[in-house]
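Novice: Contents of entry-v1.txt (compact mmCIF, C-alpha atoms and all ligand atoms):
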```txt
# COMPACT_ATOMS: atom_id res chain seq x y z
CA MET A 1 -32.60 -55.52 148.20
CA ALA A 2 -29.78 -57.98 148.74
CA PRO A 3 -26.48 -56.69 147.48
CA SER A 4 -24.93 -58.44 144.54
CA ALA A 5 -21.45 -58.41 143.12
CA ILE A 6 -22.83 -57.87 139.65
CA THR A 7 -25.66 -55.54 140.52
CA PRO A 8 -24.85 -52.06 139.29
CA ASP A 9 -24.26 -49.44 141.88
CA VAL A 10 -26.97 -46.93 142.35
CA VAL A 11 -25.90 -43.92 140.35
CA PRO A 12 -26.07 -41.08 142.85
CA THR A 13 -28.59 -38.40 142.14
CA VAL A 14 -27.07 -35.09 141.22
CA THR A 15 -28.83 -32.30 143.00
CA GLY A 16 -28.18 -28.73 143.84
CA THR A 17 -26.39 -27.40 140.79
CA GLY A 18 -28.04 -29.14 137.86
CA LYS A 19 -24.60 -29.77 136.42
CA SER A 20 -23.33 -32.94 134.90
CA ARG A 21 -21.55 -35.27 137.29
CA LEU A 22 -18.26 -34.74 135.55
CA THR A 23 -18.43 -31.63 133.47
CA LYS A 24 -17.19 -28.54 135.14
CA ALA A 25 -16.54 -26.63 131.97
CA ASP A 26 -17.87 -23.42 133.43
CA HIS A 27 -15.37 -23.79 136.26
CA GLY A 28 -18.07 -23.37 138.85
CA TYR A 29 -16.23 -25.54 141.29
CA LEU A 30 -17.20 -26.11 144.87
CA ASP A 31 -15.09 -27.28 147.78
CA THR A 32 -16.37 -30.77 147.39
CA SER A 33 -14.91 -33.07 144.81
CA ASN A 34 -17.64 -32.93 142.25
CA ASP A 35 -20.23 -30.22 142.60
CA VAL A 36 -22.48 -32.94 143.87
CA VAL A 37 -24.78 -33.14 146.81
CA ALA A 38 -24.92 -36.91 147.07
CA ASP A 39 -24.84 -38.20 150.57
CA TYR A 40 -24.90 -41.63 152.19
CA THR A 41 -27.81 -40.47 154.31
CA THR A 42 -29.92 -39.97 151.19
CA THR A 43 -28.24 -42.14 148.57
CA GLU A 44 -27.98 -45.87 148.98
CA ILE A 45 -24.73 -47.25 147.67
CA ARG A 46 -24.45 -50.97 147.74
CA GLY A 47 -22.85 -53.97 146.20
CA ASN A 48 -19.44 -55.37 145.29
CA ALA A 49 -18.80 -57.21 148.55
CA GLU A 50 -19.52 -60.82 147.59
CA ILE A 51 -16.22 -61.77 145.98
CA LEU A 52 -13.90 -60.66 148.75
CA THR A 53 -16.28 -61.69 151.50
CA ALA A 54 -16.28 -65.23 150.06
CA ALA A 55 -12.50 -65.08 149.59
CA SER A 56 -12.07 -64.12 153.24
CA THR A 57 -13.59 -67.41 154.42
CA LYS A 58 -10.90 -69.54 152.76
CA THR A 59 -7.43 -70.52 153.94
CA TYR A 60 -4.53 -69.85 151.58
CA GLY A 61 -1.39 -70.65 153.55
CA ASP A 62 0.10 -67.32 152.47
CA TRP A 63 -0.13 -63.58 153.24
CA ARG A 64 -3.82 -63.49 152.37
CA ASP A 65 -4.74 -65.32 155.59
CA ASP A 66 -3.11 -62.53 157.58
CA PHE A 67 -4.67 -59.84 155.39
CA PHE A 68 -8.19 -61.10 155.92
CA LYS A 69 -7.53 -61.32 159.66
CA LYS A 70 -5.89 -57.93 160.15
CA GLY A 71 -7.27 -55.90 157.24
CA TYR A 72 -3.93 -54.85 155.79
CA HIS A 73 -0.71 -56.13 154.26
CA VAL A 74 2.63 -54.81 153.07
CA ALA A 75 3.75 -56.46 149.83
CA LYS A 76 7.51 -56.19 150.12
CA GLY A 77 9.59 -55.34 147.07
CA ALA A 78 6.68 -55.12 144.65
CA ILE A 79 8.92 -52.83 142.62
CA PRO A 80 12.72 -53.32 142.69
CA ARG A 81 14.22 -50.64 144.94
CA GLU A 82 16.34 -48.97 142.29
CA ARG A 83 13.33 -48.59 140.00
CA ALA A 84 11.18 -47.30 142.90
CA GLU A 85 13.79 -44.65 143.62
CA SER A 86 13.82 -43.67 139.96
CA TYR A 87 10.02 -43.27 140.01
CA ARG A 88 10.35 -41.19 143.16
CA GLN A 89 12.82 -38.85 141.49
CA ARG A 90 10.53 -38.44 138.49
CA MET A 91 7.63 -37.61 140.82
CA LEU A 92 9.73 -35.09 142.73
CA ASP A 93 10.98 -33.50 139.50
CA TRP A 94 7.40 -33.24 138.27
CA PHE A 95 6.33 -31.68 141.59
CA ALA A 96 9.07 -29.05 141.34
CA ASN A 97 8.08 -28.38 137.75
CA ILE A 98 4.43 -27.75 138.71
CA ALA A 99 5.54 -25.67 141.70
CA SER A 100 7.74 -23.56 139.45
CA SER A 101 4.65 -22.33 137.63
CA VAL A 102 2.84 -21.35 140.81
CA PRO A 103 2.93 -17.59 141.21
CA SER A 104 4.67 -16.79 144.43
CA VAL A 105 3.84 -14.00 146.80
CA SER A 106 7.55 -13.39 147.05
CA ASP A 107 10.24 -13.24 144.40
CA LYS A 108 11.43 -16.71 145.28
CA ALA A 109 10.46 -19.77 143.31
CA PHE A 110 10.00 -23.14 144.97
CA SER A 111 13.20 -25.04 145.64
CA TYR A 112 13.87 -28.26 147.50
CA ASP A 113 17.00 -26.52 148.80
CA ASP A 114 15.17 -23.54 150.29
CA ARG A 115 12.72 -24.41 153.04
CA SER A 116 11.39 -20.88 153.13
CA THR A 117 9.66 -21.77 149.84
CA TRP A 118 7.92 -24.78 151.34
CA THR A 119 4.70 -22.87 151.81
CA GLN A 120 1.38 -22.84 150.00
CA ALA A 121 2.27 -19.65 148.13
CA HIS A 122 4.99 -21.59 146.32
CA LEU A 123 3.33 -24.98 146.04
CA PRO A 124 0.58 -26.64 144.04
CA MET A 125 -2.76 -26.99 145.80
CA MET A 126 -2.84 -30.20 147.81
CA MET A 127 -5.25 -32.00 150.09
CA LYS A 128 -4.02 -32.48 153.64
CA GLY A 129 -0.64 -31.06 152.74
CA GLY A 130 0.26 -33.80 150.27
CA MET A 131 -2.41 -35.32 148.02
CA ILE A 132 -2.33 -33.82 144.53
CA ILE A 133 -5.68 -34.50 142.92
CA ASN A 134 -5.39 -31.92 140.13
CA TYR A 135 -2.82 -30.72 137.56
CA CYS A 136 -3.34 -33.94 135.51
CA ALA A 137 -1.03 -35.60 138.05
CA ALA A 138 -2.98 -38.85 137.94
CA HIS A 139 -2.15 -39.29 134.27
CA GLU A 140 1.53 -38.44 134.16
CA ALA A 141 3.73 -41.07 132.50
CA TRP A 142 5.30 -42.12 135.80
CA ALA A 143 1.85 -42.62 137.36
CA TRP A 144 0.79 -45.01 134.61
CA GLU A 145 4.12 -46.82 134.63
CA LEU A 146 3.73 -47.30 138.39
CA ARG A 147 0.21 -48.64 137.99
CA SER A 148 1.36 -51.01 135.27
CA GLU A 149 4.10 -52.60 137.41
CA PRO A 150 3.35 -56.35 137.55
CA GLY A 151 4.49 -56.60 141.17
CA VAL A 152 2.01 -53.90 142.17
CA ILE A 153 -0.91 -55.53 140.38
CA GLU A 154 -0.17 -59.05 141.61
CA PRO A 155 -1.36 -58.82 145.25
CA PHE A 156 -4.67 -57.34 144.12
CA ALA A 157 -5.07 -60.06 141.48
CA GLN A 158 -4.42 -62.69 144.14
CA LEU A 159 -6.96 -61.22 146.54
CA TRP A 160 -9.69 -60.85 143.95
CA GLY A 161 -8.82 -64.16 142.25
CA ASP A 162 -9.00 -62.23 138.99
CA SER A 163 -6.31 -60.74 136.77
CA GLU A 164 -8.72 -58.71 134.63
CA LEU A 165 -8.51 -55.58 136.72
CA LEU A 166 -9.23 -51.88 136.51
CA VAL A 167 -7.09 -49.35 138.34
CA SER A 168 -8.10 -46.14 140.09
CA PHE A 169 -7.16 -42.76 138.60
CA ASP A 170 -5.60 -41.87 141.88
CA ALA A 171 -3.39 -39.10 143.17
CA PRO A 172 0.24 -39.00 144.12
CA ASN A 173 1.17 -37.61 147.54
CA VAL A 174 4.25 -35.45 148.06
CA THR A 175 4.41 -34.32 151.69
CA LEU A 176 7.16 -31.88 152.58
CA PRO A 177 8.26 -32.24 156.21
CA GLY A 178 8.27 -29.43 158.72
CA ARG A 179 5.71 -27.18 157.11
CA THR A 180 4.18 -24.76 159.56
CA ASP A 181 1.56 -23.29 157.25
CA VAL A 182 -0.57 -26.43 156.99
CA PRO A 183 -3.43 -26.66 159.44
CA TRP A 184 -3.26 -30.30 160.36
CA SER A 185 -5.08 -32.59 162.70
CA PRO A 186 -5.84 -36.29 162.45
CA TRP A 187 -8.68 -37.02 160.04
CA PRO A 188 -9.71 -40.61 160.83
CA HIS A 189 -11.95 -41.85 158.03
CA VAL A 190 -12.89 -44.77 155.87
CA ASP A 191 -13.00 -44.72 152.08
CA GLN A 192 -16.20 -46.75 151.88
CA SER A 193 -19.79 -45.63 152.11
CA PRO A 194 -21.44 -46.65 155.39
CA THR A 195 -24.28 -48.12 153.31
CA ARG A 196 -21.97 -50.41 151.34
CA LYS A 197 -21.76 -53.40 153.64
CA GLY A 198 -18.97 -55.94 153.66
CA LEU A 199 -15.48 -56.06 152.17
CA ALA A 200 -16.02 -54.25 148.88
CA CYS A 201 -12.70 -52.60 148.14
CA VAL A 202 -9.01 -53.02 148.92
CA GLN A 203 -7.06 -49.84 148.41
CA GLY A 204 -3.34 -49.32 148.08
CA ILE A 205 -0.29 -47.14 148.39
CA ILE A 206 2.72 -47.62 146.14
CA ASN A 207 5.40 -46.53 148.58
CA LEU A 208 8.39 -44.74 147.05
CA SER A 209 10.11 -43.17 150.09
CA PRO A 210 11.30 -44.72 153.35
CA ALA A 211 8.32 -44.92 155.72
CA GLY A 212 9.75 -45.74 159.13
CA PRO A 213 8.29 -44.87 162.55
CA LYS A 214 9.25 -41.17 162.26
CA ASP A 215 8.59 -40.72 158.55
CA GLY A 216 5.36 -39.71 156.89
CA GLY A 217 3.12 -42.68 156.40
CA LEU A 218 -0.15 -44.48 156.95
CA LEU A 219 -1.79 -44.83 160.34
CA LEU A 220 -4.66 -47.23 160.77
CA TYR A 221 -6.77 -48.70 163.52
CA GLN A 222 -6.08 -52.40 163.32
CA GLY A 223 -9.26 -54.44 163.53
CA SER A 224 -11.59 -51.56 162.70
CA SER A 225 -12.54 -53.03 159.32
CA ALA A 226 -14.30 -55.99 160.93
CA LEU A 227 -16.37 -53.60 163.08
CA PHE A 228 -17.60 -51.47 160.16
CA ASP A 229 -21.17 -52.78 160.01
CA GLN A 230 -21.53 -52.92 163.78
CA PHE A 231 -20.33 -49.36 164.19
CA PHE A 232 -22.84 -47.95 161.75
CA ALA A 233 -25.64 -50.13 163.15
CA GLU A 234 -25.04 -48.49 166.51
CA ASN A 235 -24.02 -45.07 165.16
CA PRO A 236 -26.10 -44.10 162.12
CA PRO A 237 -24.06 -42.09 159.63
CA ARG A 238 -24.18 -38.33 159.89
CA ALA A 239 -24.74 -36.13 156.87
CA LYS A 240 -21.65 -34.61 155.34
CA VAL A 241 -20.47 -31.21 156.36
CA GLU A 242 -19.02 -28.54 154.13
CA GLY A 243 -15.57 -29.31 152.82
CA GLN A 244 -15.89 -33.09 152.97
CA PRO A 245 -15.40 -34.94 149.69
CA GLY A 246 -18.51 -35.01 147.52
CA GLN A 247 -17.98 -38.63 146.60
CA VAL A 248 -19.99 -41.14 148.56
CA ASP A 249 -17.37 -43.75 149.49
CA PHE A 250 -15.95 -41.69 152.32
CA TYR A 251 -16.89 -41.21 155.94
CA ALA A 252 -15.15 -39.04 158.53
CA PHE A 253 -15.10 -40.04 162.19
CA THR A 254 -15.15 -37.85 165.26
CA GLU A 255 -12.90 -38.36 168.27
CA GLN A 256 -15.88 -39.91 170.01
CA ASP A 257 -16.30 -42.38 167.13
CA VAL A 258 -12.65 -43.34 167.38
CA GLU A 259 -13.11 -43.97 171.10
CA TRP A 260 -15.84 -46.45 170.17
CA PHE A 261 -13.36 -48.40 168.04
CA LYS A 262 -10.76 -48.28 170.79
CA GLN A 263 -13.01 -49.09 173.73
CA ARG A 264 -15.58 -51.41 172.18
CA GLY A 265 -13.37 -53.02 169.58
CA GLY A 266 -9.97 -52.86 171.24
CA CYS A 267 -8.54 -51.35 168.04
CA LYS A 268 -5.01 -50.04 168.26
CA LEU A 269 -3.49 -47.31 166.12
CA VAL A 270 -0.74 -48.87 164.00
CA LYS A 271 1.88 -47.07 161.92
CA ILE A 272 2.50 -49.01 158.75
CA CYS A 273 6.20 -49.06 158.00
CA ALA A 274 7.43 -49.69 154.47
CA GLU A 275 10.41 -49.31 152.17
CA PRO A 276 10.61 -47.83 148.68
CA GLY A 277 9.03 -50.30 146.28
CA ASP A 278 6.66 -51.84 148.83
CA VAL A 279 2.91 -51.75 148.28
CA ILE A 280 0.63 -51.22 151.26
CA ILE A 281 -2.87 -52.56 150.83
CA TRP A 282 -5.78 -52.29 153.20
CA ASP A 283 -9.46 -53.11 153.52
CA SER A 284 -11.33 -49.88 152.70
CA ARG A 285 -13.45 -50.27 155.83
CA THR A 286 -10.36 -49.65 157.96
CA VAL A 287 -10.27 -46.39 159.92
CA HIS A 288 -7.12 -44.60 158.80
CA TYR A 289 -5.33 -41.33 158.15
CA ALA A 290 -1.84 -40.09 157.29
CA ALA A 291 1.02 -39.31 159.62
CA LEU A 292 2.98 -36.19 158.74
CA PRO A 293 6.74 -36.68 158.54
CA GLU A 294 8.65 -36.06 161.76
CA SER A 295 11.88 -36.82 159.90
CA ASP A 296 13.44 -34.85 157.05
CA ILE A 297 12.27 -37.30 154.39
CA ILE A 298 9.78 -36.06 151.82
CA ARG A 299 6.93 -38.54 151.78
CA THR A 300 6.46 -39.69 148.20
CA ILE A 301 3.73 -42.17 147.34
CA GLN A 302 1.17 -43.03 144.69
CA TYR A 303 -2.28 -44.24 145.67
CA ALA A 304 -3.51 -47.17 143.57
CA THR A 305 -6.47 -49.50 143.88
CA TYR A 306 -7.38 -52.41 141.61
CA ALA A 307 -10.68 -54.27 141.22
CA PRO A 308 -12.20 -56.60 138.63
CA ARG A 309 -13.53 -55.04 135.46
CA LYS A 310 -16.57 -57.30 135.67
CA LEU A 311 -17.78 -55.29 138.67
CA ALA A 312 -17.95 -52.05 136.67
CA THR A 313 -21.15 -50.93 135.02
CA GLU A 314 -21.21 -49.54 131.49
CA THR A 315 -22.05 -46.17 133.01
CA ASP A 316 -19.02 -46.19 135.25
CA LEU A 317 -16.76 -47.36 132.40
CA ALA A 318 -18.05 -44.43 130.34
CA LEU A 319 -17.43 -42.00 133.20
CA LYS A 320 -13.96 -43.43 133.60
CA ALA A 321 -13.26 -43.03 129.89
CA GLU A 322 -14.33 -39.39 130.09
CA LEU A 323 -11.97 -38.76 132.98
CA PHE A 324 -9.14 -40.49 131.13
CA ARG A 325 -9.75 -38.27 128.12
CA LYS A 326 -9.63 -35.21 130.37
CA HIS A 327 -6.52 -36.44 132.23
CA GLU A 328 -8.49 -36.05 135.44
CA ALA A 329 -8.14 -37.87 138.74
CA SER A 330 -11.00 -39.77 140.34
CA THR A 331 -11.32 -41.48 143.72
CA HIS A 332 -9.57 -44.45 145.32
CA TRP A 333 -12.18 -46.68 143.71
CA PRO A 334 -11.39 -48.15 140.28
CA HIS A 335 -14.68 -49.77 139.26
CA CYS A 336 -17.37 -47.54 140.78
CA ASN A 337 -17.62 -44.35 142.83
CA ILE A 338 -16.22 -42.57 139.78
CA TRP A 339 -16.03 -38.83 140.39
CA GLY A 340 -13.89 -36.17 138.83
CA ASN A 341 -11.82 -33.66 140.76
CA GLY A 342 -11.82 -30.81 138.27
CA LYS A 343 -9.17 -28.14 138.38
CA ALA A 344 -7.22 -26.89 141.40
CA MET A 345 -8.62 -23.70 142.84
CA ARG A 346 -6.44 -20.96 144.31
CA ASP A 347 -7.95 -17.86 145.90
CA GLY A 348 -11.28 -18.57 144.25
CA ARG A 349 -9.88 -19.00 140.74
CA ILE A 350 -8.31 -21.84 138.81
CA CYS A 351 -4.69 -22.15 139.88
CA PRO A 352 -2.41 -20.66 137.20
CA ALA A 353 -0.27 -23.79 137.42
CA GLU A 354 -3.21 -25.93 136.24
CA ARG A 355 -2.84 -27.84 133.01
CA ASP A 356 -4.94 -29.42 130.29
CA GLU A 357 -2.66 -32.39 129.88
CA PRO A 358 0.22 -34.11 131.68
CA ILE A 359 3.73 -32.72 131.38
CA GLU A 360 4.88 -36.14 130.21
CA LYS A 361 2.03 -38.04 128.62
CA PRO A 362 1.97 -41.78 129.29
CA GLU A 363 2.66 -44.34 126.62
CA ILE A 364 -0.73 -45.84 125.85
CA THR A 365 0.15 -49.50 126.18
CA ASP A 366 -2.21 -52.44 126.07
CA THR A 367 -1.91 -52.68 129.86
CA VAL A 368 -2.82 -49.00 130.29
CA LEU A 369 -5.87 -49.37 128.07
CA LYS A 370 -7.08 -52.41 129.98
CA LEU A 371 -6.41 -50.98 133.44
CA ALA A 372 -8.18 -47.77 132.45
CA GLY A 373 -11.20 -49.73 131.29
CA LEU A 374 -10.85 -48.57 127.70
CA LYS A 375 -10.18 -52.04 126.33
CA GLU A 376 -11.68 -55.38 127.27
CA TYR A 377 -9.47 -58.20 128.43
FE FE B 401 -8.22 -42.61 152.95
```
In structure tokens, how does this file's structure come out?
Specialist:
Amino acid sequence: MAPSAITPDVVPTVTGTGKSRLTKADHGYLDTSNDVVADYTTTEIRGNAEILTAASTKTYGDWRDDFFKKGYHVAKGAIPRERAESYRQRMLDWFANIASSVPSVSDKAFSYDDRSTWTQAHLPMMMKGGMIINYCAAHEAWAWELRSEPGVIEPFAQLWGDSELLVSFDAPNVTLPGRTDVPWSPWPHVDQSPTRKGLACVQGIINLSPAGPKDGGLLLYQGSSALFDQFFAENPPRAKVEGQPGQVDFYAFTEQDVEWFKQRGGCKLVKICAEPGDVIIWDSRTVHYAALPESDIIRTIQYATYAPRKLATETDLALKAELFRKHEASTHWPHCNIWGNGKAMRDGRICPAERDEPIEKPEITDTVLKLAGLKEY
């Protein structure tokens, strides 16, 4: 079937546990993001690519021309620097607050001034040493204020040619430099299902800390987005392995895969540099991963993706509403691929620092309601 921008996504079949897609009330969590065995090798995910694919054929005489050519863009000064630094401080204060309720194996509580406490025993559970997908982080007041910043929304509105947007219930990322207890290796991936052809999603980072060549940041293979369909035509997607996200708009590459992009496509690894208040946006078909800080700066960012409400199905809007009610994070996708992340698990049990609601609840403004999909434009 030909994909269509307004054709609903296939709702992935839930198998294996018999549980609801979003309800994890019995706390029977798995490593994957949603208790779900839904895989691109067995579940066709399609659609949403028409608008941006058509947009990419036009000439604008502005940054969009470069974006469609290279697959990424840094929107400078989307948030005034002073305000970005204020958001950063609020995020760091929140992080310390959550960390303070993590039971430590020692008598010491987490402190930014004591690097011996920068270990998992003193910290909230995080993905890849920085992404915080639990603890109601996605729905803290600062997260919603960041998402509601007009300068953050604007580049997405320009790309989509649509100001009636939804936003993702995405995670913040607080990466402490110099940790030795985090097993880390590059995890090149795309945040788009191999079966979803074309330019279907543009994801973003609201950058709150300096991200120079030695700081934590985003690494991407420039030009890989344009090779997405060709790669999977020549290299059929593999089934997921244990520990990979349960959501479908994700695919992890091997070193051999990356060689394909380098050798066949001439793709070069690029470190995206940015200042506090800049927004980094990239085509979700771009092979990317994070660079750990080599400097002393704590990487502090908020992921945020925007897409038109008209692309969302009623089912996905309902799923989104349920997650909003539960103060739960979802994926990088705002309009589909809606999956919950449940509660953080520590040593096989729910982390004692978990919460049922944000520490500082957001003000429910008209903008919040619309971006969350709870109110029509
Ligand atoms: Fe990613």
Novice: Select the residues contacting ligand FE 401 (chain B) at a distance of at most 9 Å, based on only C-alpha atoms and all ligand atoms, then format the selection as a VMD selection string.
Specialist: chain A and resid 188 to 191 203 250 284 286 to 290 332
Novice: Limited to C-alpha atoms, could you put the picked residues into a file as a CSV table (one decimal), in the frame of the given file?
Specialist:
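Output contents, as saved in selection_21.csv:
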```csv
chain,number,residue,atom,x,y,z
A,188,PRO,CA,-9.7,-40.6,160.8
A,189,HIS,CA,-12.0,-41.8,158.0
A,190,VAL,CA,-12.9,-44.8,155.9
A,191,ASP,CA,-13.0,-44.7,152.1
A,203,GLN,CA,-7.1,-49.8,148.4
A,250,PHE,CA,-16.0,-41.7,152.3
A,284,SER,CA,-11.3,-49.9,152.7
A,286,THR,CA,-10.4,-49.6,158.0
A,287,VAL,CA,-10.3,-46.4,159.9
A,288,HIS,CA,-7.1,-44.6,158.8
A,289,TYR,CA,-5.3,-41.3,158.2
A,290,ALA,CA,-1.8,-40.1,157.3
A,332,HIS,CA,-9.6,-44.4,145.3
```
Novice: Please, which residues in stretch 256-294 of chain A fall within 7 Å of stretch 205-227 of chain A when counting only C-alpha atoms, and what is the closest atom pair and distance in Å to one decimal for each, ordered by chain then residue number, as JSON lines?
Specialist:
```
{"residue": "A:Phe261", "atom": "CA", "partner": "A:Ser224", "partner_atom": "CA", "distance": 6.5}
{"residue": "A:Cys267", "atom": "CA", "partner": "A:Gln222", "partner_atom": "CA", "distance": 5.4}
{"residue": "A:Lys268", "atom": "CA", "partner": "A:Tyr221", "partner_atom": "CA", "distance": 5.2}
{"residue": "A:Leu269", "atom": "CA", "partner": "A:Tyr221", "partner_atom": "CA", "distance": 4.4}
{"residue": "A:Val270", "atom": "CA", "partner": "A:Leu220", "partner_atom": "CA", "distance": 5.3}
{"residue": "A:Lys271", "atom": "CA", "partner": "A:Leu219", "partner_atom": "CA", "distance": 4.6}
{"residue": "A:Ile272", "atom": "CA", "partner": "A:Leu218", "partner_atom": "CA", "distance": 5.5}
{"residue": "A:Cys273", "atom": "CA", "partner": "A:Gly212", "partner_atom": "CA", "distance": 5.0}
{"residue": "A:Ala274", "atom": "CA", "partner": "A:Ala211", "partner_atom": "CA", "distance": 5.0}
{"residue": "A:Glu275", "atom": "CA", "partner": "A:Pro210", "partner_atom": "CA", "distance": 4.8}
{"residue": "A:Pro276", "atom": "CA", "partner": "A:Leu208", "partner_atom": "CA", "distance": 4.1}
{"residue": "A:Gly277", "atom": "CA", "partner": "A:Leu208", "partner_atom": "CA", "distance": 5.6}
{"residue": "A:Asp278", "atom": "CA", "partner": "A:Asn207", "partner_atom": "CA", "distance": 5.5}
{"residue": "A:Val279", "atom": "CA", "partner": "A:Ile206", "partner_atom": "CA", "distance": 4.7}
{"residue": "A:Ile280", "atom": "CA", "partner": "A:Ile205", "partner_atom": "CA", "distance": 5.1}
{"residue": "A:Ile281", "atom": "CA", "partner": "A:Ile205", "partner_atom": "CA", "distance": 6.5}
{"residue": "A:Asp283", "atom": "CA", "partner": "A:Ser225", "partner_atom": "CA", "distance": 6.6}
{"residue": "A:Arg285", "atom": "CA", "partner": "A:Ser225", "partner_atom": "CA", "distance": 4.5}
{"residue": "A:Thr286", "atom": "CA", "partner": "A:Ser225", "partner_atom": "CA", "distance": 4.2}
{"residue": "A:Val287", "atom": "CA", "partner": "A:Tyr221", "partner_atom": "CA", "distance": 5.5}
{"residue": "A:His288", "atom": "CA", "partner": "A:Leu220", "partner_atom": "CA", "distance": 4.1}
{"residue": "A:Tyr289", "atom": "CA", "partner": "A:Leu219", "partner_atom": "CA", "distance": 5.4}
{"residue": "A:Ala290", "atom": "CA", "partner": "A:Leu218", "partner_atom": "CA", "distance": 4.7}
{"residue": "A:Ala291", "atom": "CA", "partner": "A:Gly217", "partner_atom": "CA", "distance": 5.1}
{"residue": "A:Leu292", "atom": "CA", "partner": "A:Gly216", "partner_atom": "CA", "distance": 4.6}
{"residue": "A:Pro293", "atom": "CA", "partner": "A:Gly216", "partner_atom": "CA", "distance": 3.7}
{"residue": "A:Glu294", "atom": "CA", "partner": "A:Lys214", "partner_atom": "CA", "distance": 5.2}
```
Novice: Please provide as a list in words all residues within 7 Å of A:Pro334, with the sequence filter that same-chain residues fewer than 2 positions apart are discarded (counting all atoms listed in the file).
Specialist: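 Contacts, with the query itself left out: Leu166, Val167, Ser168, Thr305, Tyr306, Ala307, His332 and Cys336 of chain A.
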Novice: What does the distance between atom CA of A:Leu123 and atom CA of A:Ala96 come to in Å, to one decimal place?
Specialist: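 Computed distance, atom CA of A:Leu123 to atom CA of A:Ala96, equals 8.5 Å.
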Novice: Check the smallest atom-to-atom distance from each of A:Thr175, A:Gln192, A:Ser86, A:Thr57 to A:Asp296 using only C-alpha atoms, then report the winner.
Specialist: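 Ranked by minimum distance to A:Asp296, first place goes to A:Thr175.
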Novice: Point out the residue among A:Ala329, A:Ile51, A:Leu165, A:Val258 with the least atom-to-atom distance to A:Ala143, counting all atoms listed in the file.
Specialist: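 Among the listed residues, A:Ala329 lies closest to A:Ala143.
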Novice: I'd like a table as a tab-separated table: residues in stretch 48-110 of chain A with an atom no more than 9 Å from stretch 154-161 of chain A, each row giving the shortest atom pair and its distance in Å to one decimal, all atoms listed in the file counted, sorted by chain and rising residue number.
Specialist:
```
residue	atom	partner	partner_atom	distance
A:Ile51	CA	A:Trp160	CA	6.9
A:Leu52	CA	A:Trp160	CA	6.4
A:Ala55	CA	A:Leu159	CA	7.4
A:Ser56	CA	A:Leu159	CA	8.9
A:Arg64	CA	A:Leu159	CA	7.0
A:Ala75	CA	A:Pro155	CA	7.3
A:Ala78	CA	A:Glu154	CA	8.5
```
Novice: Between A:Ala121, A:Ala54, A:Leu176, A:Ala372, which has the minimum distance to A:Ile297 (counting all atoms listed in the file)?
Specialist: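 Closest to A:Ile297 of all the choices is A:Leu176.
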Novice: To one decimal in Å, tell me the separation between atom CA of A:Lys310 and atom CA of A:Glu164.
Specialist: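 We find that atom CA of A:Lys310 and atom CA of A:Glu164 lie 8.0 Å from each other.
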Novice: Atom CA of A:Gln256 to atom CA of A:Lys69: how many Å, to one decimal?
Specialist: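 A separation of 25.2 Å between them.
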Novice: So, counting only C-alpha atoms, which residue among A:Ala84, A:Ala109, A:Ala141, A:Val74 is closest to A:Val368?
Specialist: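 Smallest separation from A:Val368 among the options: A:Ala141.
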Novice: Need the shell around stretch 324-326 of chain A: protein/DNA/RNA residues with any atom at most 12 Å away, counting all atoms listed in the file. Skip same-chain ones fewer than 5 positions apart. Format as a PyMOL selection string?
Specialist: chain A and resi 22-25+134-140+144+167-170+317-319+338-343+355-358+361-362+364+368-369+371-374
Novice: Generate a file of the selected residues that holds C-alpha atoms, formatted as an mmCIF file, keeping the file's coordinate frame.
Specialist:
```cif
data_model
loop_
_atom_site.group_PDB
_atom_site.id
_atom_site.type_symbol
_atom_site.label_atom_id
_atom_site.label_comp_id
_atom_site.auth_asym_id
_atom_site.auth_seq_id
_atom_site.Cartn_x
_atom_site.Cartn_y
_atom_site.Cartn_z
ATOM 1 C CA LEU A 22 -18.260 -34.740 135.550
ATOM 2 C CA THR A 23 -18.430 -31.630 133.470
ATOM 3 C CA LYS A 24 -17.190 -28.540 135.140
ATOM 4 C CA ALA A 25 -16.540 -26.630 131.970
ATOM 5 C CA ASN A 134 -5.390 -31.920 140.130
ATOM 6 C CA TYR A 135 -2.820 -30.720 137.560
ATOM 7 C CA CYS A 136 -3.340 -33.940 135.510
ATOM 8 C CA ALA A 137 -1.030 -35.600 138.050
ATOM 9 C CA ALA A 138 -2.980 -38.850 137.940
ATOM 10 C CA HIS A 139 -2.150 -39.290 134.270
ATOM 11 C CA GLU A 140 1.530 -38.440 134.160
ATOM 12 C CA TRP A 144 0.790 -45.010 134.610
ATOM 13 C CA VAL A 167 -7.090 -49.350 138.340
ATOM 14 C CA SER A 168 -8.100 -46.140 140.090
ATOM 15 C CA PHE A 169 -7.160 -42.760 138.600
ATOM 16 C CA ASP A 170 -5.600 -41.870 141.880
ATOM 17 C CA LEU A 317 -16.760 -47.360 132.400
ATOM 18 C CA ALA A 318 -18.050 -44.430 130.340
ATOM 19 C CA LEU A 319 -17.430 -42.000 133.200
ATOM 20 C CA ILE A 338 -16.220 -42.570 139.780
ATOM 21 C CA TRP A 339 -16.030 -38.830 140.390
ATOM 22 C CA GLY A 340 -13.890 -36.170 138.830
ATOM 23 C CA ASN A 341 -11.820 -33.660 140.760
ATOM 24 C CA GLY A 342 -11.820 -30.810 138.270
ATOM 25 C CA LYS A 343 -9.170 -28.140 138.380
ATOM 26 C CA ARG A 355 -2.840 -27.840 133.010
ATOM 27 C CA ASP A 356 -4.940 -29.420 130.290
ATOM 28 C CA GLU A 357 -2.660 -32.390 129.880
ATOM 29 C CA PRO A 358 0.220 -34.110 131.680
ATOM 30 C CA LYS A 361 2.030 -38.040 128.620
ATOM 31 C CA PRO A 362 1.970 -41.780 129.290
ATOM 32 C CA ILE A 364 -0.730 -45.840 125.850
ATOM 33 C CA VAL A 368 -2.820 -49.000 130.290
ATOM 34 C CA LEU A 369 -5.870 -49.370 128.070
ATOM 35 C CA LEU A 371 -6.410 -50.980 133.440
ATOM 36 C CA ALA A 372 -8.180 -47.770 132.450
ATOM 37 C CA GLY A 373 -11.200 -49.730 131.290
ATOM 38 C CA LEU A 374 -10.850 -48.570 127.700
#
```
